[in-house]
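Asks: Sharing a structure with you now.
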Amino acid sequence: MEQRGGEVIARMAHPMNTYESCSYQTRGNSILIKIEYKKCTTELKFYAIGDIFYNLEVLSDTDFYPPFRAVQNIKSILYTMMENEFPETIVAIEDKIGTKIREMDGKQLACMAFTLAWLNYKY
């Protein structure tokens, strides 16, 4: 994993924290990621099938705010704005990803972003 990928995941987990570093280990069909911020640490485990990251487990987190909650809240605001103006766009995206955007939580959004970043890097 490129350091940039770790920084993207770090910003999704805690967008207001100051990112310092990231380390990772691969284990079978999963990647363990340790993110160091200035004042806290987050440890994650992404699960993959082939090139698709389908699940994310928060192993530990020392911040007071739950990881990925901010991304989930931003998604909800954007979805509400888009559903009235661009309903056909929402339907097209949902058809491609096979799930309802409204129902996605922050961890699912992180899996989708991590998958897209990985595919962009690999291909």
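Ordering of the structure tokens sets the chain letters (A, B, ...), residue numbers begin anew at 1 in every chain, and ligands are numbered from 1 in the order given.
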Among region 3-116 of chain A, which residues does DSSP mark as strand (DSSP E or B) when it is run on the backbone? Keep the chain and numbering as in the structure and answer as a ChimeraX atom specification.

Replies: /A:19-27,30-37,41-49,52-61

Asks: With C-alpha atoms retained, export the selected residues as a CSV table (one decimal), in the first residue's frame.

Replies:
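Contents of part08.csv, as written:
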chain,number,residue,atom,x,y,z
A,19,TYR,CA,-2.3,12.8,10.3
A,20,GLU,CA,1.3,11.7,11.0
A,21,SER,CA,2.0,8.2,9.7
A,22,CYS,CA,0.6,4.9,8.6
A,23,SER,CA,1.9,1.3,8.7
A,24,TYR,CA,0.4,-1.8,7.3
A,25,GLN,CA,0.7,-5.6,7.2
A,26,THR,CA,-1.1,-8.0,4.8
A,27,ARG,CA,-2.5,-11.2,6.3
A,30,SER,CA,-6.9,-8.8,4.9
A,31,ILE,CA,-4.8,-5.7,5.5
A,32,LEU,CA,-4.0,-4.4,9.0
A,33,ILE,CA,-3.5,-0.7,9.0
A,34,LYS,CA,-2.2,1.4,12.0
A,35,ILE,CA,-2.8,5.1,11.6
A,36,GLU,CA,-0.9,7.6,13.9
A,37,TYR,CA,-2.4,11.0,14.4
A,41,THR,CA,-4.1,6.1,17.1
A,42,THR,CA,-6.5,4.0,15.0
A,43,GLU,CA,-6.1,0.4,14.0
A,44,LEU,CA,-8.2,-1.0,11.2
A,45,LYS,CA,-8.6,-4.3,9.4
A,46,PHE,CA,-9.8,-4.3,5.8
A,47,TYR,CA,-11.1,-7.6,4.3
A,48,ALA,CA,-10.8,-8.3,0.5
A,49,ILE,CA,-11.9,-10.7,-2.1
A,52,ILE,CA,-12.6,-5.6,-3.8
A,53,PHE,CA,-12.5,-4.5,-0.2
A,54,TYR,CA,-15.8,-5.6,1.3
A,55,ASN,CA,-15.5,-5.1,5.0
A,56,LEU,CA,-13.7,-3.0,7.6
A,57,GLU,CA,-13.2,-3.7,11.3
A,58,VAL,CA,-12.1,-1.1,13.7
A,59,LEU,CA,-9.6,-2.9,16.0
A,60,SER,CA,-8.8,0.0,18.2
A,61,ASP,CA,-9.3,3.7,18.3

Asks: Please tabulate, as JSON lines, the residues of region 21-111 of chain A that come within 7 Å of region 11-16 of chain A, each with its closest pair of atoms and the distance in Å to one decimal, counting only C-alpha atoms and ordering rows by chain, then residue number upward.

Replies:
{"residue": "A:Pro67", "atom": "CA", "partner": "A:Ala13", "partner_atom": "CA", "distance": 4.5}
{"residue": "A:Phe68", "atom": "CA", "partner": "A:Ala13", "partner_atom": "CA", "distance": 4.3}
{"residue": "A:Val71", "atom": "CA", "partner": "A:Met12", "partner_atom": "CA", "distance": 6.1}
{"residue": "A:Ala110", "atom": "CA", "partner": "A:Met12", "partner_atom": "CA", "distance": 6.8}

Asks: Would you please extract all helix (DSSP H, G or I) residues from region 39-117 of chain A, as assigned by DSSP on the backbone, and give them as number ranges by chain?

Replies: A: 69-85, 87-97, 101-103, 106-117

Asks: Can you pull out the residues contacting Leu119 (chain A)? Cut-off 12 Å, using only C-alpha atoms, and skip same-chain residues under 2 positions away; I want them as a PDB file with N, CA and C atoms, in the first residue's frame.

Replies:
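Result saved to selection.pdb:
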ATOM      1  N   MET A   1       0.851  -1.176   0.000  1.00  0.00           N
ATOM      2  CA  MET A   1       0.000   0.000   0.000  1.00  0.00           C
ATOM      3  C   MET A   1       0.889   1.228   0.000  1.00  0.00           C
ATOM      4  N   GLY A   5      -2.372   6.104   0.171  1.00  0.00           N
ATOM      5  CA  GLY A   5      -3.588   5.350   0.474  1.00  0.00           C
ATOM      6  C   GLY A   5      -3.896   5.363   1.957  1.00  0.00           C
ATOM      7  N   GLY A  50     -10.231 -10.752  -3.807  1.00  0.00           N
ATOM      8  CA  GLY A  50      -9.584 -10.249  -5.014  1.00  0.00           C
ATOM      9  C   GLY A  50      -9.201  -8.792  -4.814  1.00  0.00           C
ATOM     10  N   ASP A  51      -9.670  -7.933  -5.700  1.00  0.00           N
ATOM     11  CA  ASP A  51      -9.365  -6.506  -5.638  1.00  0.00           C
ATOM     12  C   ASP A  51     -10.450  -5.687  -4.943  1.00  0.00           C
ATOM     13  N   ILE A  52     -11.439  -6.334  -4.383  1.00  0.00           N
ATOM     14  CA  ILE A  52     -12.572  -5.632  -3.775  1.00  0.00           C
ATOM     15  C   ILE A  52     -12.479  -5.706  -2.251  1.00  0.00           C
ATOM     16  N   PHE A  53     -12.442  -4.538  -1.620  1.00  0.00           N
ATOM     17  CA  PHE A  53     -12.477  -4.471  -0.157  1.00  0.00           C
ATOM     18  C   PHE A  53     -13.937  -4.407   0.259  1.00  0.00           C
ATOM     19  N   MET A 112     -15.437   1.304  -0.153  1.00  0.00           N
ATOM     20  CA  MET A 112     -15.619   1.682  -1.553  1.00  0.00           C
ATOM     21  C   MET A 112     -14.464   2.579  -2.004  1.00  0.00           C
ATOM     22  N   ALA A 113     -14.093   3.572  -1.201  1.00  0.00           N
ATOM     23  CA  ALA A 113     -13.001   4.473  -1.560  1.00  0.00           C
ATOM     24  C   ALA A 113     -11.670   3.725  -1.642  1.00  0.00           C
ATOM     25  N   PHE A 114     -11.431   2.818  -0.702  1.00  0.00           N
ATOM     26  CA  PHE A 114     -10.193   2.039  -0.694  1.00  0.00           C
ATOM     27  C   PHE A 114     -10.117   1.144  -1.926  1.00  0.00           C
ATOM     28  N   THR A 115     -11.232   0.543  -2.294  1.00  0.00           N
ATOM     29  CA  THR A 115     -11.284  -0.295  -3.497  1.00  0.00           C
ATOM     30  C   THR A 115     -10.985   0.532  -4.737  1.00  0.00           C
ATOM     31  N   LEU A 116     -11.627   1.694  -4.859  1.00  0.00           N
ATOM     32  CA  LEU A 116     -11.404   2.553  -6.025  1.00  0.00           C
ATOM     33  C   LEU A 116      -9.954   3.029  -6.090  1.00  0.00           C
ATOM     34  N   ALA A 117      -9.385   3.401  -4.948  1.00  0.00           N
ATOM     35  CA  ALA A 117      -7.983   3.834  -4.918  1.00  0.00           C
ATOM     36  C   ALA A 117      -7.049   2.685  -5.308  1.00  0.00           C
ATOM     37  N   TYR A 121      -4.652   2.534  -8.583  1.00  0.00           N
ATOM     38  CA  TYR A 121      -3.214   2.309  -8.413  1.00  0.00           C
ATOM     39  C   TYR A 121      -2.749   1.089  -9.213  1.00  0.00           C
ATOM     40  N   LYS A 122      -3.517   0.002  -9.146  1.00  0.00           N
ATOM     41  CA  LYS A 122      -3.125  -1.260  -9.766  1.00  0.00           C
ATOM     42  C   LYS A 122      -3.237  -1.228 -11.292  1.00  0.00           C
ATOM     43  N   TYR A 123      -4.289  -0.611 -11.793  1.00  0.00           N
ATOM     44  CA  TYR A 123      -4.519  -0.645 -13.238  1.00  0.00           C
ATOM     45  C   TYR A 123      -4.254   0.709 -13.855  1.00  0.00           C
TER      46      TYR A 123
END

Asks: Using only C-alpha atoms, determine which residues lie at most 6 Å from Gln72 (chain A), disregarding the query and same-chain residues fewer than 2 positions distant; provide the list as a PyMOL selection string.

Replies: chain A and resi 69-70+74-75+105-106

Asks: Which one is closest to Ile90 (chain A): A:Cys40, A:Ala10, A:Leu78, A:Cys111? Count only C-alpha atoms.

Replies: A:Leu78

Asks: Just the number, please: distance in Å from CA of Thr99 (chain A) to CA of Met81 (chain A), one decimal.

Replies: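 Taking CA of Thr99 (chain A) as the start and CA of Met81 (chain A) as the end point, the length is 18.9 Å.
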
Asks: One number please: CA of Arg102 (chain A) to CA of Phe64 (chain A), in Å, one decimal.

Replies: 25.3 Å

Asks: To one decimal place in Å, what is the distance between CA of Trp118 (chain A) and CA of Met104 (chain A)?

Replies: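 Atom-to-atom, CA of Trp118 (chain A) to CA of Met104 (chain A), that is 19.9 Å.
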